[in-house]
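**Q** Right, I'll just put the structure down here and ask away after.
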Amino acid sequence: WKNGVDIKTYSTRVYILDSLNNQIWRNTRTRDSYGSAQAYVSNTGVDLTKAVSFAVDGNVWILNSDGSITKLLSGEPVTFEIKKAPLTEPTSPTKIYTELELNQVFVLDPTSNKIFVYTKSTKDDNLTYSSQYLIDSVNGKLVDMFYDKNTDTTYLLTETALYKISF
């Protein structure tokens, strides 16, 4: 197994974001174990050195420390734009969340206590900014988030508590 800053599963694979070595490692599950790590990023022009989090929904969405998002498919960059960008963009985001069959991409910015929500286009590779939520009633720094599409519920983790929020 490789070291990394984030880990995700998708289908029969485990993905590890290794920003230090500018790579995403992919381990495929076999009958009773996992195979050795294979490099996912094949394009040497992809810069993952500022990557802090990622999500996999068939595409790989990479969140960078400056708030930018990189999108990969089969290890290659996908050109896309964010339409109707927010007036105040994420300044120090730490988590990105989406999954297959989820029409949104969520970005958690603990510095501003906000969740930014983007909608995936069904016609092209673009995202459209749709809303942001100010989370002002939690104790402690926001650490992680999860969105349950079946119940339309967001779970937020702080350093000391777990919150359940329905929007």
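Following the order of the structure tokens, chains are lettered A, B, ..., residues in each are numbered from 1, and ligands are numbered from 1.
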For Thr98 in chain A, list every protein, DNA or RNA residue within 12 Å, evaluated using only C-alpha atoms, and leave out those in the same chain fewer than 3 positions away; present the list as a ChimeraX atom specification.
**A** /A:8,10,53-63,95,101-108,117-120,145-149
**Q** Write out as an MDAnalysis selection string which residues come within 10 Å of Val138 in chain A when counting only C-alpha atoms, dropping same-chain ones fewer than 6 positions away.
**A** chainID A and resid 113 156:158 160:163
**Q** Let's have the selection written as a PDB file, in the first residue's frame, with N, CA, C and O atoms.
**A**
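File written: selection-v1.pdb
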ATOM      1  N   ASN A 113     -16.578  28.118   7.243  1.00  0.00           N
ATOM      2  CA  ASN A 113     -17.718  27.323   7.733  1.00  0.00           C
ATOM      3  C   ASN A 113     -18.806  27.187   6.664  1.00  0.00           C
ATOM      4  O   ASN A 113     -19.992  27.315   6.960  1.00  0.00           O
ATOM      5  N   LEU A 156     -21.981  16.239   9.133  1.00  0.00           N
ATOM      6  CA  LEU A 156     -20.771  17.032   9.311  1.00  0.00           C
ATOM      7  C   LEU A 156     -20.029  16.550  10.551  1.00  0.00           C
ATOM      8  O   LEU A 156     -20.635  16.336  11.600  1.00  0.00           O
ATOM      9  N   LEU A 157     -18.735  16.416  10.412  1.00  0.00           N
ATOM     10  CA  LEU A 157     -17.883  15.989  11.514  1.00  0.00           C
ATOM     11  C   LEU A 157     -17.000  17.159  11.920  1.00  0.00           C
ATOM     12  O   LEU A 157     -16.353  17.775  11.064  1.00  0.00           O
ATOM     13  N   THR A 158     -17.003  17.471  13.218  1.00  0.00           N
ATOM     14  CA  THR A 158     -16.066  18.451  13.751  1.00  0.00           C
ATOM     15  C   THR A 158     -15.037  17.682  14.574  1.00  0.00           C
ATOM     16  O   THR A 158     -15.082  16.452  14.645  1.00  0.00           O
ATOM     17  N   THR A 160     -14.992  17.508  17.624  1.00  0.00           N
ATOM     18  CA  THR A 160     -15.587  16.989  18.853  1.00  0.00           C
ATOM     19  C   THR A 160     -16.997  16.427  18.703  1.00  0.00           C
ATOM     20  O   THR A 160     -17.534  15.876  19.662  1.00  0.00           O
ATOM     21  N   ALA A 161     -17.610  16.575  17.522  1.00  0.00           N
ATOM     22  CA  ALA A 161     -19.009  16.160  17.407  1.00  0.00           C
ATOM     23  C   ALA A 161     -19.370  15.771  15.978  1.00  0.00           C
ATOM     24  O   ALA A 161     -18.662  16.103  15.026  1.00  0.00           O
ATOM     25  N   LEU A 162     -20.496  15.072  15.852  1.00  0.00           N
ATOM     26  CA  LEU A 162     -21.073  14.706  14.565  1.00  0.00           C
ATOM     27  C   LEU A 162     -22.444  15.370  14.486  1.00  0.00           C
ATOM     28  O   LEU A 162     -23.242  15.272  15.413  1.00  0.00           O
ATOM     29  N   TYR A 163     -22.713  16.056  13.369  1.00  0.00           N
ATOM     30  CA  TYR A 163     -23.967  16.750  13.169  1.00  0.00           C
ATOM     31  C   TYR A 163     -24.706  16.171  11.971  1.00  0.00           C
ATOM     32  O   TYR A 163     -24.087  15.803  10.967  1.00  0.00           O
TER      33      TYR A 163
END
**Q** Give me the residues of range 80-147 of chain A that have any atom at most 9 Å from an atom of range 32-52 of chain A; for each, the nearest atom pair and the distance in Å, rounded to one decimal. Use only C-alpha atoms, sort by chain and number, and format it as a tab-separated table.
**A**
residue	atom	partner	partner_atom	distance
A:Pro93	CA	A:Val52	CA	8.1
A:Thr94	CA	A:Val52	CA	6.0
A:Lys95	CA	A:Val52	CA	7.1
A:Ile96	CA	A:Val52	CA	8.8
**Q** Those selected residues, please, written with N, CA and C atoms and delivered as a PDB file, in the first residue's frame.
**A**
ATOM      1  N   PRO A  93     -10.393  25.101   1.207  1.00  0.00           N
ATOM      2  CA  PRO A  93     -11.229  23.900   1.273  1.00  0.00           C
ATOM      3  C   PRO A  93     -10.416  22.670   1.657  1.00  0.00           C
ATOM      4  N   THR A  94     -11.110  21.708   2.268  1.00  0.00           N
ATOM      5  CA  THR A  94     -10.418  20.504   2.713  1.00  0.00           C
ATOM      6  C   THR A  94     -11.036  19.213   2.195  1.00  0.00           C
ATOM      7  N   LYS A  95     -12.302  19.244   1.773  1.00  0.00           N
ATOM      8  CA  LYS A  95     -12.964  18.016   1.333  1.00  0.00           C
ATOM      9  C   LYS A  95     -13.833  18.279   0.118  1.00  0.00           C
ATOM     10  N   ILE A  96     -13.848  17.303  -0.774  1.00  0.00           N
ATOM     11  CA  ILE A  96     -14.766  17.294  -1.909  1.00  0.00           C
ATOM     12  C   ILE A  96     -15.541  15.991  -1.815  1.00  0.00           C
TER      13      ILE A  96
END
**Q** Run DSSP on the backbone of this structure and report the residues of chain A it assigns to strand (DSSP E), as a PyMOL selection string.
**A** chain A and resi 6-10+13-18+23-28+38-39+51-56+60-64+69-73+76-77+82-83+95-97+104-109+114-120+127-134+142-148+153-158+162-166
**Q** Would you pick out the contacts of Ile82 in chain A at 7 Å or less, using only C-alpha atoms, so that residues sharing its chain but fewer than 2 positions from it are not included, and give the list as a compact mmCIF listing (two decimals) with N, CA and C atoms, in the first residue's frame?
**A**
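Once everything was written out, this is selection_24.txt:
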# COMPACT_ATOMS: atom_id res chain seq x y z
N PHE A 80 -13.05 21.23 -18.24
CA PHE A 80 -14.40 21.63 -17.84
C PHE A 80 -14.34 23.02 -17.25
N LYS A 84 -21.33 30.08 -13.59
CA LYS A 84 -21.96 30.88 -12.53
C LYS A 84 -21.20 30.74 -11.21
N ALA A 85 -19.89 30.91 -11.28
CA ALA A 85 -19.03 30.75 -10.09
C ALA A 85 -19.52 31.64 -8.95
N ASN A 126 -19.14 20.07 -17.58
CA ASN A 126 -19.09 21.24 -16.72
C ASN A 126 -19.83 21.07 -15.40
N LEU A 127 -19.50 21.97 -14.49
CA LEU A 127 -20.23 22.11 -13.23
C LEU A 127 -20.88 23.48 -13.24
N THR A 128 -22.00 23.60 -12.53
CA THR A 128 -22.64 24.90 -12.34
C THR A 128 -22.79 25.12 -10.85
N TYR A 129 -22.28 26.26 -10.39
CA TYR A 129 -22.44 26.59 -8.97
C TYR A 129 -23.92 26.76 -8.70
